[in-house]
Amino acid sequence: NEIYLAGLSGVVPKLPTDFATLEARAAAAMPPHVLNYVQGGCGDELTQRRNSEAFGHWGMVPRMMVDSTSRDLSIELFGQRYPTPLFMAPIGVTGICTQDQHGDLAAARASVATGVPLCLSTLTNDPLETVAQTLGDQPGFFQLYTPRDADVAASLVQRAEKAGYRAIVVTLDTWVTGWRPRDLNTASFPQLRGHVLSNYFSDPAFRKLLPQPPEVDPAAAIRAWTKLFGRVLTWADMPWLKSLTKLPIVLKGICHPDDARRAVDAGAGAIYCSNHGGRQANGGMAAIDLLPEVVKAAGSVPVLFDSGVRSGTDVVKALALGARAVGVGRPYAYGLALDGAAGATHVLRCLLAEADLLMAVNGWPSIAAVREAGALRVS
Ligand code: FNR
């Protein structure tokens with residue numbers, strides 16, 4: 001309404017309201033190494049393309065003569081209510097998306113502005129405590145790339161719990177970085193050029209492993225971090241992970257129903273169905289096509305979803321297919337790149353507004369109604 005009404009007086013929104021135009025604007029504005037990092041995926045990016053295109057295979061059927069003049073988009077997760085079913089998926093080194101290099105703080109401000117929770121990456125450019133301060137009362141989650149050193153892992157998790165994050169999201173598919181030609185062709189970790197991983201560098205357990213503090217020798221600290229990155233987790237590690245915290249452990253990267261069942265048996269607080277936005281393994285199926293079986297296998301355990309969500313319609317489809325909460329990655333990164341916190345806020349508000357309008361028109365006043373309506377495979 002805000003945008004339509006402003007349009008009556010000739011005011012055009014500062015940023016686009018659809019993904020394709022947003023991405024094109026961001027691509028024109030971002031430095032090439034940052035664009036490659038954010039936009040790129042694995043191999044020839046087939047899986048990444050499939051992720052978004054596959055939403056087109058699913059169709060929804062509206063209901064009429066239902067009063068949907070007011071909608072409730074809130075959900076319950078980890079024992080508390082969230083005003084929206086959307087969340088910001090973890091994005092590492094988000095700092096490079098904004099000119100001031102504090103992209104994580106900008107994302108936190110967008111979270112406060114919209115009520116959309118931020119899942120903060122281990123690879124945040126600002127220490128997790130600083131991001132938590134910016135979040136204030138707004139709940140967020142902390143994503144863990146499990147380091148090989150158990151003390152550093154424990155320290156990261158305990159810091160996150162102390163700082164007030166509500167869940168630990170353990171990413172399972174990234175103990176090694178996938179084959180990403182756009183990053184590889186620039187011959188380095190382009191995202192690390194000149195940037196400091198303050199979250200790691202401020203970690204007391206990590207600092208103990210270094211002969212010199214990162215402030216004195218940042219290159220050596222980055223080398224140490226590279227060696228530490230990426231513990232291979234197996235089901236046998238679940239008791240250890242759970243022993244580190246009272247917070248729910250969310251397993252990110254689960255796409256197979258058998259893995260979902262194992263996760264339930266192992267006591268996961270939630271299952272996070274995702275193929276990392278097609279950045280880790282190419283040749284895979286679209287994540288949205290795998291979601292229904294994962295949801296079935298998860299039973300009463302909530303399933304979070306991301307990969308390929310580009311519009312409010314996609315958000316509603318993922319909810320209709322059983323996701324409890326739906327994450328976006330690249331869309332908000334483009335928002336950050338174009339206009340910092342305001343840009344990410346705009347992107348999230350557009351996604352929510354489109355989802356809300358769709359629910360209104362389709363006669364679905366609540367997420368429960370969306371879920372009951374479901375979505376049908378049309379091709
Ligand atoms: C990611 N993703 C990611 N995941 C994670 O668990 N930890 C991380 O640090 C990162 N970093 C990261 C950087 C960038 C630039 C992107 C685009 C993605 C994956 C992310 O959480 C999510 O799974 C995907 O982004 C979802 O797909 P879409 O929405 O980008 O298609």
# chains A, B, ... in the order shown; residues from 1 in each chain; ligands from 1
$ residues_around --residues "Ile249 of chain A" --least-positions-apart "5" --cutoff "9 Å" --atoms "only C-alpha atoms" --output "PyMOL selection string"
chain A and resi 167-170+238+241-242+267-271
$ write_last_selection --atoms "N, CA and C atoms" --output "compact mmCIF listing (two decimals), in the first residue's frame"
# COMPACT_ATOMS: atom_id res chain seq x y z
N ALA A 167 19.46 -20.20 19.17
CA ALA A 167 19.69 -21.55 18.64
C ALA A 167 21.08 -21.59 18.01
N ILE A 168 21.66 -22.78 17.98
CA ILE A 168 22.94 -22.98 17.31
C ILE A 168 22.66 -23.77 16.04
N VAL A 169 22.93 -23.13 14.92
CA VAL A 169 22.66 -23.74 13.61
C VAL A 169 23.98 -24.31 13.10
N VAL A 170 24.09 -25.62 13.10
CA VAL A 170 25.36 -26.25 12.72
C VAL A 170 25.31 -26.60 11.23
N MET A 238 26.98 -35.80 17.59
CA MET A 238 25.79 -35.09 18.11
C MET A 238 25.80 -34.95 19.63
N LEU A 241 28.10 -32.15 20.45
CA LEU A 241 27.55 -30.83 20.11
C LEU A 241 26.50 -30.42 21.13
N LYS A 242 25.65 -31.38 21.50
CA LYS A 242 24.57 -31.06 22.44
C LYS A 242 25.13 -30.73 23.82
N GLY A 267 18.23 -35.99 18.41
CA GLY A 267 17.82 -34.91 19.30
C GLY A 267 17.99 -33.52 18.74
N ALA A 268 17.98 -33.38 17.41
CA ALA A 268 18.08 -32.04 16.83
C ALA A 268 16.85 -31.23 17.23
N GLY A 269 17.06 -29.94 17.51
CA GLY A 269 15.95 -29.06 17.87
C GLY A 269 15.17 -28.64 16.64
N ALA A 270 15.82 -28.66 15.50
CA ALA A 270 15.17 -28.38 14.21
C ALA A 270 16.07 -28.91 13.11
N ILE A 271 15.43 -29.12 11.97
CA ILE A 271 16.16 -29.58 10.79
C ILE A 271 16.12 -28.43 9.79
$ closest_atom_pairs --of "chain A" --to "ligand 1" --cutoff "6 Å" --atoms "only C-alpha atoms and all ligand atoms" --output "Markdown table"
| residue | atom | partner | partner_atom_place_in_ligand_line | distance |
| --- | --- | --- | --- | --- |
| A:Tyr37 | CA | ligand 1 | 15 (C) | 5.6 |
| A:Val38 | CA | ligand 1 | 15 (C) | 3.8 |
| A:Ala89 | CA | ligand 1 | 21 (O) | 4.3 |
| A:Pro90 | CA | ligand 1 | 21 (O) | 4.1 |
| A:Ile91 | CA | ligand 1 | 11 (N) | 3.5 |
| A:Gly92 | CA | ligand 1 | 9 (O) | 3.4 |
| A:Ser121 | CA | ligand 1 | 9 (O) | 4.6 |
| A:Leu123 | CA | ligand 1 | 9 (O) | 5.5 |
| A:Thr171 | CA | ligand 1 | 6 (O) | 4.9 |
| A:Ser274 | CA | ligand 1 | 23 (O) | 5.7 |
| A:His276 | CA | ligand 1 | 23 (O) | 3.5 |
| A:Gly277 | CA | ligand 1 | 27 (O) | 3.3 |
| A:Asp306 | CA | ligand 1 | 26 (C) | 4.9 |
| A:Ser307 | CA | ligand 1 | 27 (O) | 3.5 |
| A:Gly308 | CA | ligand 1 | 31 (O) | 3.6 |
| A:Val309 | CA | ligand 1 | 29 (O) | 5.3 |
| A:Val328 | CA | ligand 1 | 29 (O) | 3.9 |
| A:Gly329 | CA | ligand 1 | 25 (O) | 3.6 |
| A:Arg330 | CA | ligand 1 | 30 (O) | 3.9 |
$ write_last_selection --atoms "N, CA and C atoms" --output "JSON list (two decimals), in the first residue's frame"
[["chain", "number", "residue", "atom", "x", "y", "z"],
["A", 37, "TYR", "N", 31.57, -13.42, -5.27],
["A", 37, "TYR", "CA", 31.42, -14.17, -4.02],
["A", 37, "TYR", "C", 29.94, -14.36, -3.67],
["A", 38, "VAL", "N", 29.16, -13.30, -3.80],
["A", 38, "VAL", "CA", 27.75, -13.39, -3.39],
["A", 38, "VAL", "C", 26.91, -14.13, -4.43],
["A", 89, "ALA", "N", 19.21, -16.02, 6.28],
["A", 89, "ALA", "CA", 20.13, -17.16, 6.34],
["A", 89, "ALA", "C", 21.54, -16.63, 6.63],
["A", 90, "PRO", "N", 22.38, -17.51, 7.21],
["A", 90, "PRO", "CA", 23.73, -17.02, 7.54],
["A", 90, "PRO", "C", 24.56, -16.73, 6.30],
["A", 91, "ILE", "N", 25.19, -15.59, 6.28],
["A", 91, "ILE", "CA", 26.10, -15.23, 5.18],
["A", 91, "ILE", "C", 27.42, -14.81, 5.79],
["A", 92, "GLY", "N", 28.48, -15.54, 5.44],
["A", 92, "GLY", "CA", 29.80, -15.24, 5.98],
["A", 92, "GLY", "C", 30.40, -14.03, 5.29],
["A", 121, "SER", "N", 26.38, -15.71, 10.83],
["A", 121, "SER", "CA", 27.41, -16.69, 10.45],
["A", 121, "SER", "C", 28.58, -16.67, 11.43],
["A", 123, "LEU", "N", 31.39, -16.69, 10.40],
["A", 123, "LEU", "CA", 32.36, -15.84, 9.71],
["A", 123, "LEU", "C", 31.88, -14.39, 9.65],
["A", 171, "THR", "N", 26.18, -25.98, 10.47],
["A", 171, "THR", "CA", 26.20, -26.23, 9.01],
["A", 171, "THR", "C", 27.01, -27.49, 8.74],
["A", 274, "SER", "N", 18.39, -27.43, 3.17],
["A", 274, "SER", "CA", 19.10, -26.41, 2.39],
["A", 274, "SER", "C", 20.20, -27.09, 1.61],
["A", 276, "HIS", "N", 22.63, -25.00, 0.57],
["A", 276, "HIS", "CA", 23.59, -23.90, 0.66],
["A", 276, "HIS", "C", 23.45, -22.98, -0.56],
["A", 277, "GLY", "N", 22.23, -22.90, -1.07],
["A", 277, "GLY", "CA", 22.01, -22.02, -2.23],
["A", 277, "GLY", "C", 22.81, -22.46, -3.45],
["A", 306, "ASP", "N", 15.90, -23.07, 3.23],
["A", 306, "ASP", "CA", 16.35, -22.01, 2.32],
["A", 306, "ASP", "C", 16.89, -22.64, 1.05],
["A", 307, "SER", "N", 17.22, -21.81, 0.10],
["A", 307, "SER", "CA", 17.84, -22.14, -1.19],
["A", 307, "SER", "C", 16.89, -21.82, -2.33],
["A", 308, "GLY", "N", 17.12, -20.69, -2.94],
["A", 308, "GLY", "CA", 16.38, -20.31, -4.14],
["A", 308, "GLY", "C", 15.16, -19.44, -3.91],
["A", 309, "VAL", "N", 14.89, -19.06, -2.66],
["A", 309, "VAL", "CA", 13.71, -18.22, -2.39],
["A", 309, "VAL", "C", 13.98, -16.81, -2.93],
["A", 328, "VAL", "N", 16.26, -16.53, 3.49],
["A", 328, "VAL", "CA", 16.79, -15.99, 2.24],
["A", 328, "VAL", "C", 18.25, -15.63, 2.45],
["A", 329, "GLY", "N", 19.05, -15.82, 1.41],
["A", 329, "GLY", "CA", 20.46, -15.46, 1.48],
["A", 329, "GLY", "C", 20.76, -14.30, 0.55],
["A", 330, "ARG", "N", 21.00, -14.60, -0.72],
["A", 330, "ARG", "CA", 21.45, -13.57, -1.66],
["A", 330, "ARG", "C", 20.54, -12.34, -1.70]]
$ closest_atom_pairs --of "segment 282-371 of chain A" --to "segment 63-72 of chain A" --cutoff "8 Å" --atoms "only C-alpha atoms" --output "tab-separated table"
residue	atom	partner	partner_atom	distance
A:Asp356	CA	A:Arg71	CA	7.1
A:Met359	CA	A:Arg71	CA	7.5
A:Ala360	CA	A:Ser68	CA	5.2
A:Val361	CA	A:Ser68	CA	7.7
A:Asn362	CA	A:Arg63	CA	5.5
A:Gly363	CA	A:Arg63	CA	5.1
A:Trp364	CA	A:Ser68	CA	6.1
A:Pro365	CA	A:Arg71	CA	4.4
A:Ser366	CA	A:Asp72	CA	4.9
A:Ile367	CA	A:Asp72	CA	7.1
$ atom_distance --atom1 "atom CA of Gly327 of chain A" --atom2 "atom CA of Leu128 of chain A"
19.7 Å
$ closest_residue --among "A:Ala205, A:Val216, A:Ile3, A:Val34" --to "Arg182 of chain A" --atoms "only C-alpha atoms"
A:Val34
$ closest_atom_pairs --of "segment 218-288 of chain A" --to "segment 45-52 of chain A" --cutoff "9 Å" --atoms "only C-alpha atoms" --output "tab-separated table"
residue	atom	partner	partner_atom	distance
A:Asn275	CA	A:Thr47	CA	8.6
A:His276	CA	A:Gln48	CA	8.9
A:Gly277	CA	A:Gln48	CA	5.9
A:Gly278	CA	A:Gln48	CA	4.2
A:Arg279	CA	A:Gln48	CA	7.2
A:Ala281	CA	A:Thr47	CA	7.8
A:Asn282	CA	A:Thr47	CA	5.4
A:Gly283	CA	A:Thr47	CA	5.6
A:Gly284	CA	A:Thr47	CA	5.5
A:Met285	CA	A:Thr47	CA	6.5
A:Ala286	CA	A:Asn51	CA	4.3
A:Ala287	CA	A:Asn51	CA	5.9
A:Ile288	CA	A:Asn51	CA	6.8
$ write_last_selection --atoms "C-alpha atoms" --output "CSV table (one decimal), in the first residue's frame"
chain,number,residue,atom,x,y,z
A,275,ASN,CA,21.7,-27.1,-0.3
A,276,HIS,CA,23.6,-23.9,0.7
A,277,GLY,CA,22.0,-22.0,-2.2
A,278,GLY,CA,23.9,-24.3,-4.7
A,279,ARG,CA,27.3,-23.1,-3.5
A,281,ALA,CA,27.7,-29.3,-4.5
A,282,ASN,CA,26.6,-29.0,-8.1
A,283,GLY,CA,24.4,-31.5,-9.8
A,284,GLY,CA,21.9,-31.7,-7.0
A,285,MET,CA,18.2,-31.5,-7.0
A,286,ALA,CA,16.4,-28.3,-6.2
A,287,ALA,CA,16.1,-28.0,-2.4
A,288,ILE,CA,12.4,-27.1,-2.6
$ select_by_dssp --residues "segment 235-292 of chain A" --states "alpha helix (DSSP H)" --output "number ranges by chain"
A: 238-243, 257-265, 287-292
$ write_last_selection --atoms "N, CA and C atoms" --output "tab-separated table (two decimals), in the first residue's frame"
chain	number	residue	atom	x	y	z
A	238	MET	N	26.98	-35.80	17.59
A	238	MET	CA	25.79	-35.09	18.11
A	238	MET	C	25.80	-34.95	19.63
A	239	PRO	N	26.10	-36.03	20.39
A	239	PRO	CA	26.12	-35.86	21.85
A	239	PRO	C	27.11	-34.78	22.28
A	240	TRP	N	28.27	-34.74	21.62
A	240	TRP	CA	29.26	-33.69	21.95
A	240	TRP	C	28.70	-32.30	21.65
A	241	LEU	N	28.10	-32.15	20.45
A	241	LEU	CA	27.55	-30.83	20.11
A	241	LEU	C	26.50	-30.42	21.13
A	242	LYS	N	25.65	-31.38	21.50
A	242	LYS	CA	24.57	-31.06	22.44
A	242	LYS	C	25.13	-30.73	23.82
A	243	SER	N	26.28	-31.36	24.14
A	243	SER	CA	26.85	-31.12	25.47
A	243	SER	C	27.40	-29.70	25.60
A	257	PRO	N	15.52	-37.62	3.42
A	257	PRO	CA	14.61	-37.95	4.53
A	257	PRO	C	15.24	-38.86	5.58
A	258	ASP	N	16.13	-39.77	5.14
A	258	ASP	CA	16.77	-40.64	6.14
A	258	ASP	C	17.64	-39.82	7.09
A	259	ASP	N	18.30	-38.80	6.54
A	259	ASP	CA	19.12	-37.93	7.41
A	259	ASP	C	18.22	-37.14	8.36
A	260	ALA	N	17.04	-36.77	7.85
A	260	ALA	CA	16.10	-36.05	8.73
A	260	ALA	C	15.69	-36.95	9.88
A	261	ARG	N	15.42	-38.23	9.58
A	261	ARG	CA	15.04	-39.16	10.66
A	261	ARG	C	16.18	-39.32	11.66
A	262	ARG	N	17.43	-39.42	11.13
A	262	ARG	CA	18.58	-39.56	12.04
A	262	ARG	C	18.70	-38.32	12.93
A	263	ALA	N	18.43	-37.17	12.31
A	263	ALA	CA	18.54	-35.91	13.07
A	263	ALA	C	17.51	-35.88	14.21
A	264	VAL	N	16.32	-36.36	13.92
A	264	VAL	CA	15.27	-36.40	14.96
A	264	VAL	C	15.73	-37.34	16.07
A	265	ASP	N	16.19	-38.53	15.68
A	265	ASP	CA	16.64	-39.52	16.69
A	265	ASP	C	17.80	-38.97	17.51
A	287	ALA	N	16.41	-27.73	-3.81
A	287	ALA	CA	16.09	-27.98	-2.40
A	287	ALA	C	14.57	-28.00	-2.17
A	288	ILE	N	13.84	-27.13	-2.86
A	288	ILE	CA	12.39	-27.06	-2.61
A	288	ILE	C	11.71	-28.39	-2.98
A	289	ASP	N	12.25	-29.10	-3.97
A	289	ASP	CA	11.67	-30.38	-4.36
A	289	ASP	C	11.92	-31.46	-3.30
A	290	LEU	N	12.93	-31.24	-2.47
A	290	LEU	CA	13.26	-32.22	-1.44
A	290	LEU	C	12.56	-31.93	-0.12
A	291	LEU	N	12.08	-30.71	0.00
A	291	LEU	CA	11.48	-30.28	1.27
A	291	LEU	C	10.31	-31.17	1.74
A	292	PRO	N	9.33	-31.52	0.89
A	292	PRO	CA	8.18	-32.27	1.41
A	292	PRO	C	8.57	-33.60	2.09
$ atom_distance --atom1 "atom CA of Arg166 of chain A" --atom2 "atom CA of Ser311 of chain A"
26.3 Å
$ residues_around --residues "Pro127 of chain A" --least-positions-apart "3" --cutoff "12 Å" --atoms "only C-alpha atoms" --output "PyMOL selection string"
chain A and resi 93+95+102-105+120-124+130-134+142+156+159-160+163+196-204
$ write_last_selection --atoms "N, CA and C atoms" --output "short mmCIF file (atom, residue, chain, number, x, y, z; two decimals), in the first residue's frame"
data_model
loop_
_atom_site.label_atom_id
_atom_site.label_comp_id
_atom_site.auth_asym_id
_atom_site.auth_seq_id
_atom_site.Cartn_x
_atom_site.Cartn_y
_atom_site.Cartn_z
N VAL A 93 31.23 -13.33 6.05
CA VAL A 93 31.96 -12.17 5.53
C VAL A 93 31.01 -11.13 4.93
N GLY A 95 30.42 -8.44 5.88
CA GLY A 95 31.04 -7.12 5.97
C GLY A 95 31.40 -6.55 4.61
N HIS A 102 30.75 -3.21 7.80
CA HIS A 102 30.02 -3.75 8.95
C HIS A 102 28.66 -4.28 8.50
N GLY A 103 28.69 -5.11 7.48
CA GLY A 103 27.45 -5.65 6.92
C GLY A 103 26.64 -6.44 7.93
N ASP A 104 27.32 -7.11 8.86
CA ASP A 104 26.59 -7.90 9.85
C ASP A 104 25.79 -7.00 10.79
N LEU A 105 26.38 -5.84 11.11
CA LEU A 105 25.64 -4.89 11.96
C LEU A 105 24.46 -4.31 11.20
N LEU A 120 23.22 -15.46 12.35
CA LEU A 120 24.56 -14.86 12.18
C LEU A 120 25.59 -15.94 11.87
N SER A 121 26.38 -15.71 10.83
CA SER A 121 27.41 -16.69 10.45
C SER A 121 28.58 -16.67 11.43
N THR A 122 29.24 -17.82 11.58
CA THR A 122 30.50 -17.87 12.32
C THR A 122 31.49 -16.87 11.72
N LEU A 123 31.39 -16.69 10.40
CA LEU A 123 32.36 -15.84 9.71
C LEU A 123 31.88 -14.39 9.65
N THR A 124 31.25 -13.96 10.73
CA THR A 124 30.84 -12.56 10.81
C THR A 124 32.07 -11.67 10.92
N THR A 130 29.07 -8.06 19.49
CA THR A 130 28.75 -6.72 18.98
C THR A 130 27.45 -6.79 18.18
N VAL A 131 27.30 -7.85 17.39
CA VAL A 131 26.06 -8.00 16.61
C VAL A 131 24.88 -8.19 17.58
N ALA A 132 25.11 -8.97 18.64
CA ALA A 132 24.03 -9.20 19.63
C ALA A 132 23.61 -7.88 20.27
N GLN A 133 24.59 -7.01 20.53
CA GLN A 133 24.25 -5.70 21.11
C GLN A 133 23.36 -4.90 20.17
N THR A 134 23.68 -4.97 18.88
CA THR A 134 22.86 -4.25 17.90
C THR A 134 21.47 -4.86 17.83
N PHE A 142 22.69 -18.35 15.98
CA PHE A 142 24.11 -18.33 15.62
C PHE A 142 24.44 -19.58 14.81
N LEU A 156 33.11 -20.77 20.80
CA LEU A 156 32.17 -20.06 19.92
C LEU A 156 30.73 -20.29 20.36
N ARG A 159 30.03 -18.58 23.74
CA ARG A 159 29.90 -17.11 23.56
C ARG A 159 28.52 -16.78 22.98
N ALA A 160 28.09 -17.58 22.00
CA ALA A 160 26.79 -17.31 21.36
C ALA A 160 25.65 -17.46 22.36
N ALA A 163 25.68 -14.56 24.72
CA ALA A 163 25.27 -13.29 24.07
C ALA A 163 23.78 -13.25 23.78
N VAL A 196 39.06 -8.68 8.02
CA VAL A 196 39.46 -9.39 9.24
C VAL A 196 38.25 -10.14 9.79
N LEU A 197 38.48 -11.38 10.12
CA LEU A 197 37.39 -12.18 10.69
C LEU A 197 37.34 -11.93 12.19
N SER A 198 36.78 -10.80 12.58
CA SER A 198 36.89 -10.38 13.98
C SER A 198 36.28 -11.36 14.95
N ASN A 199 35.26 -12.09 14.49
CA ASN A 199 34.63 -13.02 15.42
C ASN A 199 35.62 -14.09 15.85
N TYR A 200 36.36 -14.60 14.90
CA TYR A 200 37.39 -15.58 15.22
C TYR A 200 38.54 -14.92 15.97
N PHE A 201 38.94 -13.76 15.41
CA PHE A 201 40.14 -13.14 15.97
C PHE A 201 39.94 -12.67 17.41
N SER A 202 38.69 -12.47 17.80
CA SER A 202 38.44 -12.05 19.17
C SER A 202 38.14 -13.24 20.08
N ASP A 203 38.19 -14.44 19.51
CA ASP A 203 37.84 -15.61 20.33
C ASP A 203 39.02 -16.02 21.21
N PRO A 204 38.80 -16.09 22.53
CA PRO A 204 39.94 -16.39 23.41
C PRO A 204 40.57 -17.75 23.13
#
$ residues_around --residues "segment 374-376 of chain A" --least-positions-apart "3" --cutoff "6 Å" --atoms "only C-alpha atoms" --output "list in words"
Trp58, Gly59, Met60, Ala320, Leu321 and Arg371 of chain A
$ write_last_selection --atoms "C-alpha atoms" --output "mmCIF file, in the first residue's frame"
data_model
loop_
_atom_site.group_PDB
_atom_site.id
_atom_site.type_symbol
_atom_site.label_atom_id
_atom_site.label_comp_id
_atom_site.auth_asym_id
_atom_site.auth_seq_id
_atom_site.Cartn_x
_atom_site.Cartn_y
_atom_site.Cartn_z
ATOM 1 C CA TRP A 58 4.671 -25.945 -7.609
ATOM 2 C CA GLY A 59 1.262 -24.309 -7.817
ATOM 3 C CA MET A 60 -1.259 -23.183 -5.237
ATOM 4 C CA ALA A 320 2.751 -24.613 2.055
ATOM 5 C CA LEU A 321 5.224 -27.464 1.547
ATOM 6 C CA ARG A 371 -0.083 -25.250 5.263
#
$ closest_residue --among "A:Val301, A:Ala219, A:Pro181, A:Cys255" --to "Gly40 of chain A" --atoms "only C-alpha atoms"
A:Pro181
$ select_by_dssp --residues "segment 179-274 of chain A" --states "strand (DSSP E or B)" --output "ChimeraX atom specification"
/A:249-252,270-273
$ closest_residue --among "A:Pro213, A:Gly115, A:Gly140, A:Gly164" --to "Leu348 of chain A" --atoms "only C-alpha atoms"
A:Gly115
$ residues_around --residues "Leu244 of chain A" --least-positions-apart "5" --cutoff "8 Å" --atoms "only C-alpha atoms" --output "PyMOL selection string"
chain A and resi 154+157-158
$ write_last_selection --atoms "C-alpha atoms" --output "PDB file, in the first residue's frame"
ATOM      1  CA  ALA A 154      33.060 -24.872  22.535  1.00  0.00           C
ATOM      2  CA  VAL A 157      29.030 -21.879  21.039  1.00  0.00           C
ATOM      3  CA  GLN A 158      29.308 -20.703  24.624  1.00  0.00           C
TER       4      GLN A 158
END
$ closest_residue --among "A:Ser300, A:Asn125, A:Thr177, A:Gln39" --to "Ala333 of chain A" --atoms "only C-alpha atoms"
A:Gln39
$ atom_distance --atom1 "atom CA of Val250 of chain A" --atom2 "atom CA of Ala368 of chain A"
22.5 Å
$ residues_around --residues "segment 322-326 of chain A" --least-positions-apart "6" --cutoff "6 Å" --atoms "only C-alpha atoms" --output "number ranges by chain"
A: 85-86, 295, 302-306
$ closest_residue --among "A:Thr114, A:Gln280, A:Gln143, A:Gln101" --to "Gly340 of chain A" --atoms "only C-alpha atoms"
A:Gln101
$ residues_around --residues "Ala27 of chain A" --least-positions-apart "2" --cutoff "12 Å" --atoms "only C-alpha atoms" --output "PyMOL selection string"
chain A and resi 19-25+29-40+97+330-331+333-335+337-338
